[in-house]
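Asks: Dropping in final.pdb, with PDB, C-alpha atoms, pLDDT in the B column.
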```pdb
ATOM      1  CA  MET A  70      -7.548 -86.729 -51.148  1.00 96.00           C
ATOM      2  CA  ILE A  71      -8.575 -88.871 -48.173  1.00 97.00           C
ATOM      3  CA  ARG A  72      -6.234 -90.759 -45.863  1.00 98.00           C
ATOM      4  CA  VAL A  73      -7.194 -92.822 -42.824  1.00 98.00           C
ATOM      5  CA  GLN A  74      -4.103 -93.957 -40.982  1.00 98.00           C
ATOM      6  CA  ARG A  75      -2.604 -94.961 -37.659  1.00 98.00           C
ATOM      7  CA  GLU A  76       0.635 -93.014 -38.240  1.00 98.00           C
ATOM      8  CA  ASP A  77       1.221 -89.345 -37.481  1.00 98.00           C
ATOM      9  CA  PHE A  78       1.523 -86.811 -40.313  1.00 98.00           C
ATOM     10  CA  ASP A  79       3.824 -83.838 -40.951  1.00 98.00           C
ATOM     11  CA  THR A  80       1.494 -80.838 -41.236  1.00 98.00           C
ATOM     12  CA  GLY A  81       4.041 -78.595 -42.958  1.00 98.00           C
ATOM     13  CA  LYS A  82       4.959 -81.133 -45.591  1.00 98.00           C
ATOM     14  CA  GLU A  83       1.317 -81.977 -46.274  1.00 98.00           C
ATOM     15  CA  LEU A  84       0.411 -78.305 -46.784  1.00 98.00           C
ATOM     16  CA  GLU A  85       3.401 -77.731 -49.068  1.00 97.00           C
ATOM     17  CA  ARG A  86       2.503 -80.766 -51.149  1.00 97.00           C
ATOM     18  CA  LEU A  87      -1.128 -79.640 -51.492  1.00 97.00           C
ATOM     19  CA  SER A  88      -0.260 -76.500 -53.453  1.00 96.00           C
ATOM     20  CA  ALA A  89       3.013 -77.626 -55.062  1.00 96.00           C
ATOM     21  CA  GLY A  90       3.176 -76.966 -58.781  1.00 94.00           C
ATOM     22  CA  ASP A  91      -0.164 -75.158 -59.056  1.00 96.00           C
ATOM     23  CA  HIS A  92       0.469 -71.423 -59.281  1.00 96.00           C
ATOM     24  CA  THR A  93      -3.222 -70.583 -59.688  1.00 96.00           C
ATOM     25  CA  ILE A  94      -3.639 -71.326 -55.969  1.00 97.00           C
ATOM     26  CA  GLY A  95      -3.821 -68.127 -53.948  1.00 97.00           C
ATOM     27  CA  GLY A  96      -4.314 -69.584 -50.485  1.00 97.00           C
ATOM     28  CA  VAL A  97      -4.268 -72.735 -48.392  1.00 98.00           C
ATOM     29  CA  ALA A  98      -6.497 -73.052 -45.316  1.00 98.00           C
ATOM     30  CA  SER A  99      -5.979 -75.753 -42.726  1.00 98.00           C
ATOM     31  CA  PHE A 100      -7.364 -77.164 -39.491  1.00 98.00           C
ATOM     32  CA  VAL A 101      -5.394 -79.496 -37.219  1.00 98.00           C
ATOM     33  CA  GLY A 102      -7.301 -81.312 -34.473  1.00 97.00           C
ATOM     34  CA  LEU A 103      -5.327 -82.316 -31.362  1.00 96.00           C
ATOM     35  CA  VAL A 104      -5.975 -84.612 -28.416  1.00 93.00           C
ATOM     36  CA  ARG A 105      -6.936 -82.257 -25.614  1.00 86.00           C
ATOM     37  CA  ASP A 106      -5.967 -82.793 -21.994  1.00 78.00           C
ATOM     38  CA  LEU A 107      -9.150 -81.889 -20.142  1.00 66.00           C
ATOM     39  CA  GLY A 108      -7.356 -81.750 -16.808  1.00 65.00           C
ATOM     40  CA  GLY A 109      -9.540 -81.951 -13.713  1.00 62.00           C
ATOM     41  CA  PRO A 110      -9.972 -85.098 -11.657  1.00 65.00           C
ATOM     42  CA  ASP A 111     -10.541 -87.355 -14.656  1.00 65.00           C
ATOM     43  CA  GLN A 112      -6.906 -88.130 -15.423  1.00 70.00           C
ATOM     44  CA  VAL A 113      -7.454 -89.070 -19.028  1.00 74.00           C
ATOM     45  CA  SER A 114      -4.104 -90.504 -20.041  1.00 83.00           C
ATOM     46  CA  ALA A 115      -4.941 -91.297 -23.653  1.00 92.00           C
ATOM     47  CA  LEU A 116      -7.647 -91.606 -26.276  1.00 93.00           C
ATOM     48  CA  SER A 117      -8.419 -94.562 -28.436  1.00 95.00           C
ATOM     49  CA  LEU A 118     -10.021 -93.907 -31.809  1.00 97.00           C
ATOM     50  CA  GLU A 119     -12.002 -96.688 -33.447  1.00 97.00           C
ATOM     51  CA  HIS A 120     -13.498 -96.461 -36.926  1.00 98.00           C
ATOM     52  CA  TYR A 121     -15.513 -98.408 -39.482  1.00 98.00           C
ATOM     53  CA  PRO A 122     -13.050 -99.357 -42.230  1.00 97.00           C
ATOM     54  CA  GLY A 123     -14.673 -98.944 -45.610  1.00 97.00           C
ATOM     55  CA  MET A 124     -17.503 -96.684 -44.513  1.00 98.00           C
ATOM     56  CA  THR A 125     -15.024 -94.176 -43.065  1.00 98.00           C
ATOM     57  CA  GLU A 126     -13.271 -93.713 -46.400  1.00 97.00           C
ATOM     58  CA  LYS A 127     -16.632 -93.641 -48.223  1.00 97.00           C
ATOM     59  CA  LYS A 128     -18.113 -90.943 -45.961  1.00 98.00           C
ATOM     60  CA  LEU A 129     -14.945 -88.817 -46.025  1.00 98.00           C
ATOM     61  CA  ALA A 130     -14.877 -89.014 -49.842  1.00 97.00           C
ATOM     62  CA  GLU A 131     -18.554 -87.953 -49.946  1.00 97.00           C
ATOM     63  CA  ILE A 132     -17.864 -85.022 -47.619  1.00 97.00           C
ATOM     64  CA  GLU A 133     -14.879 -83.956 -49.717  1.00 98.00           C
ATOM     65  CA  ALA A 134     -16.905 -84.224 -52.934  1.00 98.00           C
ATOM     66  CA  GLU A 135     -19.627 -82.052 -51.363  1.00 98.00           C
ATOM     67  CA  ALA A 136     -17.050 -79.385 -50.432  1.00 98.00           C
ATOM     68  CA  ASN A 137     -15.789 -79.418 -54.015  1.00 97.00           C
ATOM     69  CA  ARG A 138     -19.340 -78.985 -55.289  1.00 98.00           C
ATOM     70  CA  ARG A 139     -19.919 -75.968 -53.047  1.00 98.00           C
ATOM     71  CA  TRP A 140     -16.623 -74.126 -53.467  1.00 98.00           C
ATOM     72  CA  PRO A 141     -14.092 -73.733 -56.294  1.00 97.00           C
ATOM     73  CA  LEU A 142     -11.225 -75.689 -54.733  1.00 98.00           C
ATOM     74  CA  SER A 143      -7.947 -76.408 -56.457  1.00 98.00           C
ATOM     75  CA  ALA A 144      -7.070 -79.172 -53.995  1.00 98.00           C
ATOM     76  CA  SER A 145      -8.273 -80.655 -50.721  1.00 98.00           C
ATOM     77  CA  LEU A 146      -6.937 -83.113 -48.169  1.00 98.00           C
ATOM     78  CA  VAL A 147      -8.379 -84.905 -45.156  1.00 98.00           C
ATOM     79  CA  ILE A 148      -6.125 -87.077 -42.975  1.00 98.00           C
ATOM     80  CA  HIS A 149      -7.774 -88.761 -39.980  1.00 98.00           C
ATOM     81  CA  ARG A 150      -5.869 -90.974 -37.563  1.00 98.00           C
ATOM     82  CA  TYR A 151      -7.108 -93.938 -35.541  1.00 98.00           C
ATOM     83  CA  GLY A 152      -5.636 -96.026 -32.738  1.00 98.00           C
ATOM     84  CA  ARG A 153      -4.163 -94.886 -29.418  1.00 97.00           C
ATOM     85  CA  LEU A 154      -3.369 -91.169 -29.117  1.00 96.00           C
ATOM     86  CA  GLU A 155      -2.007 -89.130 -26.205  1.00 94.00           C
ATOM     87  CA  PRO A 156      -2.721 -85.508 -25.214  1.00 92.00           C
ATOM     88  CA  GLY A 157      -1.047 -83.173 -27.706  1.00 94.00           C
ATOM     89  CA  ASP A 158      -1.085 -85.741 -30.518  1.00 97.00           C
ATOM     90  CA  ARG A 159      -2.537 -84.750 -33.889  1.00 98.00           C
ATOM     91  CA  ILE A 160      -5.864 -86.464 -34.709  1.00 97.00           C
ATOM     92  CA  VAL A 161      -7.010 -84.864 -37.935  1.00 98.00           C
ATOM     93  CA  LEU A 162      -5.821 -82.534 -40.690  1.00 98.00           C
ATOM     94  CA  VAL A 163      -8.180 -80.763 -43.062  1.00 98.00           C
ATOM     95  CA  ALA A 164      -6.628 -78.585 -45.748  1.00 98.00           C
ATOM     96  CA  THR A 165      -8.106 -76.777 -48.730  1.00 98.00           C
ATOM     97  CA  ALA A 166      -6.500 -74.762 -51.513  1.00 98.00           C
ATOM     98  CA  SER A 167      -8.197 -72.285 -53.810  1.00 98.00           C
ATOM     99  CA  PRO A 168      -7.395 -69.248 -55.931  1.00 97.00           C
ATOM    100  CA  HIS A 169      -9.160 -67.130 -53.274  1.00 95.00           C
ATOM    101  CA  ARG A 170      -9.183 -67.250 -49.485  1.00 96.00           C
ATOM    102  CA  GLU A 171     -12.975 -67.173 -49.002  1.00 97.00           C
ATOM    103  CA  ALA A 172     -13.470 -70.544 -50.674  1.00 98.00           C
ATOM    104  CA  ALA A 173     -10.481 -72.149 -48.945  1.00 98.00           C
ATOM    105  CA  LEU A 174     -11.485 -70.937 -45.464  1.00 98.00           C
ATOM    106  CA  ALA A 175     -15.193 -71.748 -45.813  1.00 98.00           C
ATOM    107  CA  ALA A 176     -14.555 -75.201 -47.287  1.00 98.00           C
ATOM    108  CA  CYS A 177     -12.062 -76.034 -44.529  1.00 98.00           C
ATOM    109  CA  HIS A 178     -14.589 -75.040 -41.842  1.00 98.00           C
ATOM    110  CA  PHE A 179     -17.330 -77.015 -43.597  1.00 98.00           C
ATOM    111  CA  LEU A 180     -15.154 -80.137 -43.861  1.00 98.00           C
ATOM    112  CA  ILE A 181     -14.177 -80.295 -40.189  1.00 97.00           C
ATOM    113  CA  ASP A 182     -17.732 -79.558 -38.979  1.00 96.00           C
ATOM    114  CA  TRP A 183     -19.233 -82.110 -41.316  1.00 96.00           C
ATOM    115  CA  LEU A 184     -16.738 -84.894 -40.676  1.00 96.00           C
ATOM    116  CA  LYS A 185     -17.238 -84.616 -36.922  1.00 95.00           C
ATOM    117  CA  THR A 186     -20.886 -85.634 -37.289  1.00 93.00           C
ATOM    118  CA  ASP A 187     -20.739 -87.876 -40.374  1.00 95.00           C
ATOM    119  CA  ALA A 188     -17.499 -89.860 -40.385  1.00 97.00           C
ATOM    120  CA  PRO A 189     -17.820 -93.107 -38.383  1.00 98.00           C
ATOM    121  CA  PHE A 190     -15.147 -92.621 -35.716  1.00 98.00           C
ATOM    122  CA  TRP A 191     -15.582 -93.186 -31.974  1.00 97.00           C
ATOM    123  CA  LYS A 192     -13.330 -91.967 -29.174  1.00 95.00           C
ATOM    124  CA  SER A 193     -12.824 -93.724 -25.889  1.00 94.00           C
ATOM    125  CA  GLU A 194     -10.794 -92.319 -23.014  1.00 91.00           C
ATOM    126  CA  GLU A 195      -8.369 -94.242 -20.848  1.00 88.00           C
ATOM    127  CA  THR A 196      -9.078 -93.457 -17.207  1.00 84.00           C
ATOM    128  CA  PRO A 197      -7.883 -95.083 -13.960  1.00 83.00           C
ATOM    129  CA  GLU A 198     -11.317 -96.778 -13.818  1.00 83.00           C
ATOM    130  CA  GLY A 199     -10.942 -98.145 -17.334  1.00 85.00           C
ATOM    131  CA  GLU A 200     -12.281 -97.316 -20.768  1.00 87.00           C
ATOM    132  CA  ARG A 201     -14.914 -94.570 -21.083  1.00 91.00           C
ATOM    133  CA  TRP A 202     -16.662 -93.833 -24.391  1.00 93.00           C
ATOM    134  CA  VAL A 203     -16.911 -90.165 -25.345  1.00 91.00           C
ATOM    135  CA  GLU A 204     -20.494 -89.018 -25.910  1.00 89.00           C
ATOM    136  CA  ALA A 205     -21.530 -87.095 -28.991  1.00 87.00           C
ATOM    137  CA  CYS A 206     -22.233 -83.436 -28.244  1.00 84.00           C
ATOM    138  CA  ALA A 207     -25.168 -81.350 -29.421  1.00 83.00           C
ATOM    139  CA  GLU A 208     -22.872 -78.431 -30.334  1.00 87.00           C
ATOM    140  CA  ASP A 209     -21.281 -80.584 -33.053  1.00 87.00           C
ATOM    141  CA  ASP A 210     -24.680 -81.410 -34.539  1.00 87.00           C
ATOM    142  CA  ALA A 211     -25.599 -77.723 -34.494  1.00 87.00           C
ATOM    143  CA  ALA A 212     -22.290 -76.828 -36.190  1.00 88.00           C
ATOM    144  CA  THR A 213     -23.038 -79.227 -39.028  1.00 87.00           C
ATOM    145  CA  ARG A 214     -26.666 -78.094 -39.393  1.00 88.00           C
ATOM    146  CA  ARG A 215     -25.461 -74.589 -40.218  1.00 88.00           C
ATOM    147  CA  TRP A 216     -24.114 -75.914 -43.522  1.00 87.00           C
ATOM    148  CA  ARG A 217     -27.234 -77.829 -44.616  1.00 85.00           C
TER     149      ARG A 217
ATOM    150  CA  MET B  54     -31.967-120.733 -47.468  1.00 55.00           C
ATOM    151  CA  SER B  55     -31.205-117.122 -48.360  1.00 70.00           C
ATOM    152  CA  ALA B  56     -27.888-115.376 -47.745  1.00 83.00           C
ATOM    153  CA  PRO B  57     -27.262-114.198 -44.169  1.00 94.00           C
ATOM    154  CA  VAL B  58     -26.847-110.572 -43.156  1.00 97.00           C
ATOM    155  CA  LYS B  59     -23.509-109.405 -41.773  1.00 98.00           C
ATOM    156  CA  LEU B  60     -23.905-107.475 -38.525  1.00 98.00           C
ATOM    157  CA  LEU B  61     -21.137-105.161 -37.300  1.00 98.00           C
ATOM    158  CA  TYR B  62     -20.970-103.511 -33.877  1.00 98.00           C
ATOM    159  CA  PHE B  63     -18.800-100.543 -32.897  1.00 98.00           C
ATOM    160  CA  ALA B  64     -17.700 -98.651 -29.773  1.00 97.00           C
ATOM    161  CA  TRP B  65     -19.737 -99.393 -26.613  1.00 96.00           C
ATOM    162  CA  LEU B  66     -22.269-101.392 -28.603  1.00 96.00           C
ATOM    163  CA  ARG B  67     -19.512-103.841 -29.509  1.00 96.00           C
ATOM    164  CA  ALA B  68     -18.488-104.030 -25.866  1.00 94.00           C
ATOM    165  CA  ARG B  69     -22.061-104.612 -24.635  1.00 95.00           C
ATOM    166  CA  VAL B  70     -23.064-107.092 -27.338  1.00 96.00           C
ATOM    167  CA  GLY B  71     -19.726-108.839 -26.845  1.00 95.00           C
ATOM    168  CA  GLN B  72     -19.047-109.314 -30.563  1.00 95.00           C
ATOM    169  CA  VAL B  73     -17.283-107.388 -33.310  1.00 97.00           C
ATOM    170  CA  GLU B  74     -19.323-108.955 -36.099  1.00 97.00           C
ATOM    171  CA  GLU B  75     -21.536-111.913 -36.849  1.00 97.00           C
ATOM    172  CA  GLU B  76     -23.421-113.420 -39.752  1.00 97.00           C
ATOM    173  CA  VAL B  77     -27.025-114.365 -39.061  1.00 96.00           C
ATOM    174  CA  PRO B  78     -29.825-115.649 -41.294  1.00 95.00           C
ATOM    175  CA  LEU B  79     -32.462-112.950 -41.641  1.00 94.00           C
ATOM    176  CA  PRO B  80     -35.751-114.173 -40.099  1.00 94.00           C
ATOM    177  CA  ALA B  81     -38.643-114.131 -42.568  1.00 92.00           C
ATOM    178  CA  GLU B  82     -40.595-111.659 -40.403  1.00 93.00           C
ATOM    179  CA  VAL B  83     -37.812-109.030 -40.413  1.00 96.00           C
ATOM    180  CA  HIS B  84     -38.215-106.510 -43.225  1.00 96.00           C
ATOM    181  CA  ASP B  85     -36.711-103.277 -41.949  1.00 97.00           C
ATOM    182  CA  VAL B  86     -34.209-101.808 -39.469  1.00 98.00           C
ATOM    183  CA  ALA B  87     -36.827-101.434 -36.722  1.00 97.00           C
ATOM    184  CA  GLY B  88     -37.807-105.090 -37.123  1.00 97.00           C
ATOM    185  CA  LEU B  89     -34.189-106.188 -37.053  1.00 97.00           C
ATOM    186  CA  LEU B  90     -33.450-104.275 -33.827  1.00 97.00           C
ATOM    187  CA  ASP B  91     -36.612-105.738 -32.258  1.00 96.00           C
ATOM    188  CA  TRP B  92     -35.573-109.247 -33.207  1.00 97.00           C
ATOM    189  CA  LEU B  93     -31.982-108.709 -31.988  1.00 97.00           C
ATOM    190  CA  ARG B  94     -33.240-107.550 -28.583  1.00 96.00           C
ATOM    191  CA  GLY B  95     -34.868-110.944 -28.176  1.00 96.00           C
ATOM    192  CA  ARG B  96     -31.599-112.817 -28.751  1.00 96.00           C
ATOM    193  CA  GLY B  97     -30.271-112.404 -25.210  1.00 96.00           C
ATOM    194  CA  PRO B  98     -29.804-110.050 -22.266  1.00 97.00           C
ATOM    195  CA  ASN B  99     -26.609-108.567 -23.765  1.00 97.00           C
ATOM    196  CA  TYR B 100     -28.523-107.552 -26.920  1.00 97.00           C
ATOM    197  CA  ALA B 101     -31.515-106.327 -24.914  1.00 97.00           C
ATOM    198  CA  GLU B 102     -29.238-104.148 -22.769  1.00 96.00           C
ATOM    199  CA  ALA B 103     -27.123-102.839 -25.680  1.00 96.00           C
ATOM    200  CA  LEU B 104     -30.168-101.975 -27.813  1.00 96.00           C
ATOM    201  CA  ARG B 105     -32.396-100.674 -25.008  1.00 95.00           C
ATOM    202  CA  ASP B 106     -32.248 -96.950 -25.845  1.00 94.00           C
ATOM    203  CA  LEU B 107     -32.709 -96.391 -29.573  1.00 91.00           C
ATOM    204  CA  SER B 108     -32.081 -92.646 -29.214  1.00 92.00           C
ATOM    205  CA  VAL B 109     -28.349 -93.371 -28.856  1.00 93.00           C
ATOM    206  CA  ILE B 110     -28.151 -95.906 -31.667  1.00 96.00           C
ATOM    207  CA  ARG B 111     -27.319 -95.285 -35.312  1.00 97.00           C
ATOM    208  CA  VAL B 112     -27.599 -97.832 -38.114  1.00 98.00           C
ATOM    209  CA  ALA B 113     -25.852 -98.059 -41.478  1.00 98.00           C
ATOM    210  CA  VAL B 114     -26.975-100.468 -44.185  1.00 98.00           C
ATOM    211  CA  ASN B 115     -24.314-101.185 -46.798  1.00 98.00           C
ATOM    212  CA  GLN B 116     -22.290 -98.270 -45.388  1.00 98.00           C
ATOM    213  CA  ASN B 117     -25.043 -95.646 -45.660  1.00 97.00           C
ATOM    214  CA  TYR B 118     -26.790 -94.086 -42.644  1.00 97.00           C
ATOM    215  CA  VAL B 119     -30.436 -95.135 -42.627  1.00 97.00           C
ATOM    216  CA  GLY B 120     -33.590 -94.657 -40.575  1.00 96.00           C
ATOM    217  CA  ASN B 121     -35.674 -97.262 -38.740  1.00 95.00           C
ATOM    218  CA  GLU B 122     -38.001 -97.807 -41.694  1.00 97.00           C
ATOM    219  CA  HIS B 123     -35.179 -98.630 -44.126  1.00 98.00           C
ATOM    220  CA  PRO B 124     -35.597-102.130 -45.631  1.00 98.00           C
ATOM    221  CA  VAL B 125     -33.075-104.896 -44.899  1.00 97.00           C
ATOM    222  CA  HIS B 126     -32.343-107.754 -47.279  1.00 96.00           C
ATOM    223  CA  PRO B 127     -30.328-110.975 -47.198  1.00 96.00           C
ATOM    224  CA  GLY B 128     -26.683-110.202 -47.998  1.00 96.00           C
ATOM    225  CA  ASP B 129     -26.792-106.697 -46.482  1.00 98.00           C
ATOM    226  CA  GLU B 130     -23.949-105.390 -44.312  1.00 98.00           C
ATOM    227  CA  ILE B 131     -25.661-103.789 -41.324  1.00 98.00           C
ATOM    228  CA  ALA B 132     -23.626-101.793 -38.807  1.00 98.00           C
ATOM    229  CA  ILE B 133     -25.004-100.732 -35.426  1.00 98.00           C
ATOM    230  CA  PHE B 134     -23.198 -98.080 -33.393  1.00 97.00           C
ATOM    231  CA  PRO B 135     -23.536 -95.030 -31.128  1.00 97.00           C
ATOM    232  CA  PRO B 136     -23.462 -91.454 -32.516  1.00 96.00           C
ATOM    233  CA  VAL B 137     -20.024 -90.723 -33.975  1.00 96.00           C
ATOM    234  CA  THR B 138     -17.358 -88.753 -32.067  1.00 95.00           C
ATOM    235  CA  GLY B 139     -14.436 -88.275 -34.459  1.00 92.00           C
ATOM    236  CA  GLY B 140     -12.577 -85.148 -35.538  1.00 90.00           C
TER     237      GLY B 140
END
```
Once you've parsed the file, please lay out its structure as structure tokens.
Replies:
Amino acid sequence: MIRVQREDFDTGKELERLSAGDHTIGGVASFVGLVRDLGGPDQVSALSLEHYPGMTEKKLAEIEAEANRRWPLSASLVIHRYGRLEPGDRIVLVATASPHREAALAACHFLIDWLKTDAPFWKSEETPEGERWVEACAEDDAATRRWR
Amino acid sequence: MSAPVKLLYFAWLRARVGQVEEEVPLPAEVHDVAGLLDWLRGRGPNYAEALRDLSVIRVAVNQNYVGNEHPVHPGDEIAIFPPVTGG
């Protein structure tokens, strides 16, 4: 399941719901992405996340379908937030459930790597000098290439 | 007169172009993404500046990532944006 939303989510409740009622599930893997305070002289007070409504949902659904093709998953969930977020806030939740841990863990890792380079989201930082757009980093591209 | 194309701009491209979206008639000489970007650069200094460095520009046609040689047609939704930074 894919959700793109402004509101926060309750990680515990989402993970419980993912495996509820399916006793063939042996494990649930999850990744929660948070707004990081980089410290230093930059004084980033908040992030703003913009996305491309329509394409975002389409790309996330494609990424999720690819994970389900590669691993035997019982359930999967991607929640990605947009809008203004402060340090410590949750940005993204990826969760996967499977009879066995290998599939759940690998699929979860795949999903977060892949969505970072394929889902059309853009971060800008609030600084005392105004808005500053975050640049894409080569490490993220390399992380995704591993799975190709 | 054929249908226009819908152009969408995101992140700093939106800020530099100064528009969120616009509908423009596709000039007869524009057949692909490279041609479209070339033509857009000629529409004003804001476009020329925003589209100066193609290495930091990504294009999606009808919500699929495409390369410079991808064809464009009247009625297409064409989004222009920097590399993505979500997650």
Asks: Dump as a PyMOL selection string the residues of chain B that approach chain A to within 8 Å, counting all atoms listed in the file.
Replies: chain B and resi 63-65+116-117+136-140
Asks: Kindly provide, as lines of an AutoDock Vina configuration file, the centre and edge lengths (Å, one decimal) of an axis-aligned box around all atoms of segment 181-191 of chain A given in the file, with 8 Å on each side.
Replies:
```
center_x = -17.5
center_y = -86.4
center_z = -36.6
size_x = 22.7
size_y = 29.6
size_z = 25.3
```
Asks: If we count all atoms listed in the file, what is near Leu89 of chain B at a cut-off of 9 Å, once residues fewer than 4 positions away on the same chain are taken out, given as an mmCIF file with C-alpha atoms, in the coordinates of the input?
Replies:
```
data_model
loop_
_atom_site.group_PDB
_atom_site.id
_atom_site.type_symbol
_atom_site.label_atom_id
_atom_site.label_comp_id
_atom_site.auth_asym_id
_atom_site.auth_seq_id
_atom_site.Cartn_x
_atom_site.Cartn_y
_atom_site.Cartn_z
ATOM 1 C CA LEU B 79 -32.462 -112.950 -41.641
ATOM 2 C CA PRO B 80 -35.751 -114.173 -40.099
ATOM 3 C CA VAL B 83 -37.812 -109.030 -40.413
ATOM 4 C CA HIS B 84 -38.215 -106.510 -43.225
ATOM 5 C CA ASP B 85 -36.711 -103.277 -41.949
ATOM 6 C CA LEU B 93 -31.982 -108.709 -31.988
ATOM 7 C CA ARG B 94 -33.240 -107.550 -28.583
ATOM 8 C CA VAL B 125 -33.075 -104.896 -44.899
#
```
Asks: Might you pull out every residue within 7 Å of segment 78-93 of chain A, with only C-alpha atoms counted and same-chain residues fewer than 6 positions away left off, and present them as a list in words?
Replies: Ala144, Ala166 and Pro168 of chain A
Asks: So how far away is atom CA of Asp158 of chain A from atom CA of Gln112 of chain A, in Å?
Replies: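 Here the two named atoms are 16.4 Å from each other.
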Asks: Name all residues at most 6 Å from Val70 of chain B (count all atoms listed in the file; drop same-chain ones fewer than 4 positions away) and give them as a PyMOL selection string.
Replies: chain B and resi 66+99-100
Asks: For the file shown, what are the residues hit by the PyMOL selection byres ((chain B and resi 121) around 6), laid out as a list of chain:residue names?
Replies: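 Applying the expression gives B:Val86, B:Ala87, B:Gly120, B:Glu122, B:His123.
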Asks: As a check of understanding, name the residues that the PyMOL selection byres ((chain A and resi 180) around 10) selects in the supplied structure, as a compact mmCIF listing (two decimals) with C-alpha atoms, in the frame of the given file.
Replies:
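Ended up saving to expr_3.txt:
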```txt
# COMPACT_ATOMS: atom_id res chain seq x y z
CA PHE A 100 -7.36 -77.16 -39.49
CA LEU A 129 -14.94 -88.82 -46.02
CA ILE A 132 -17.86 -85.02 -47.62
CA GLU A 133 -14.88 -83.96 -49.72
CA GLU A 135 -19.63 -82.05 -51.36
CA ALA A 136 -17.05 -79.39 -50.43
CA SER A 145 -8.27 -80.66 -50.72
CA LEU A 146 -6.94 -83.11 -48.17
CA VAL A 147 -8.38 -84.90 -45.16
CA VAL A 163 -8.18 -80.76 -43.06
CA ALA A 164 -6.63 -78.58 -45.75
CA THR A 165 -8.11 -76.78 -48.73
CA ALA A 175 -15.19 -71.75 -45.81
CA ALA A 176 -14.56 -75.20 -47.29
CA CYS A 177 -12.06 -76.03 -44.53
CA HIS A 178 -14.59 -75.04 -41.84
CA PHE A 179 -17.33 -77.02 -43.60
CA ILE A 181 -14.18 -80.30 -40.19
CA ASP A 182 -17.73 -79.56 -38.98
CA TRP A 183 -19.23 -82.11 -41.32
CA LEU A 184 -16.74 -84.89 -40.68
CA LYS A 185 -17.24 -84.62 -36.92
CA THR A 213 -23.04 -79.23 -39.03
CA TRP A 216 -24.11 -75.91 -43.52
```
Asks: Extract segment 183-196 of chain A from the preceding block and save N, CA and C atoms as an mmCIF file, in the first residue's frame.
Replies:
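selection.cif, freshly written:
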```
data_model
loop_
_atom_site.group_PDB
_atom_site.id
_atom_site.type_symbol
_atom_site.label_atom_id
_atom_site.label_comp_id
_atom_site.auth_asym_id
_atom_site.auth_seq_id
_atom_site.Cartn_x
_atom_site.Cartn_y
_atom_site.Cartn_z
ATOM 1 N N TRP A 183 15.529 2.642 -3.450
ATOM 2 C CA TRP A 183 14.948 2.912 -4.753
ATOM 3 C C TRP A 183 14.084 4.166 -4.728
ATOM 4 N N LEU A 184 13.305 4.334 -3.652
ATOM 5 C CA LEU A 184 12.408 5.500 -3.644
ATOM 6 C C LEU A 184 13.184 6.805 -3.521
ATOM 7 N N LYS A 185 14.360 6.743 -2.883
ATOM 8 C CA LYS A 185 15.156 7.964 -2.755
ATOM 9 C C LYS A 185 15.606 8.509 -4.105
ATOM 10 N N THR A 186 15.792 7.626 -5.085
ATOM 11 C CA THR A 186 16.269 8.103 -6.390
ATOM 12 C C THR A 186 15.178 8.112 -7.456
ATOM 13 N N ASP A 187 14.018 7.526 -7.184
ATOM 14 C CA ASP A 187 12.981 7.446 -8.213
ATOM 15 C C ASP A 187 11.689 8.196 -7.907
ATOM 16 N N ALA A 188 11.375 8.405 -6.645
ATOM 17 C CA ALA A 188 10.108 9.076 -6.337
ATOM 18 C C ALA A 188 10.315 10.592 -6.423
ATOM 19 N N PRO A 189 9.419 11.289 -7.144
ATOM 20 C CA PRO A 189 9.630 12.729 -7.372
ATOM 21 C C PRO A 189 9.274 13.607 -6.166
ATOM 22 N N PHE A 190 10.221 13.635 -5.217
ATOM 23 C CA PHE A 190 10.148 14.531 -4.059
ATOM 24 C C PHE A 190 11.380 15.435 -4.089
ATOM 25 N N TRP A 191 11.224 16.655 -3.585
ATOM 26 C CA TRP A 191 12.365 17.574 -3.481
ATOM 27 C C TRP A 191 12.335 18.244 -2.124
ATOM 28 N N LYS A 192 13.503 18.293 -1.483
ATOM 29 C CA LYS A 192 13.614 18.930 -0.166
ATOM 30 C C LYS A 192 14.240 20.312 -0.311
ATOM 31 N N SER A 193 13.653 21.277 0.393
ATOM 32 C CA SER A 193 14.359 22.546 0.547
ATOM 33 C C SER A 193 14.509 22.818 2.038
ATOM 34 N N GLU A 194 15.593 23.516 2.379
ATOM 35 C CA GLU A 194 15.878 23.810 3.781
ATOM 36 C C GLU A 194 15.577 25.271 4.065
ATOM 37 N N GLU A 195 15.013 25.513 5.232
ATOM 38 C CA GLU A 195 14.819 26.894 5.687
ATOM 39 C C GLU A 195 16.083 27.322 6.407
ATOM 40 N N THR A 196 16.708 28.379 5.928
ATOM 41 C CA THR A 196 17.902 28.910 6.583
ATOM 42 C C THR A 196 17.666 30.399 6.843
#
```
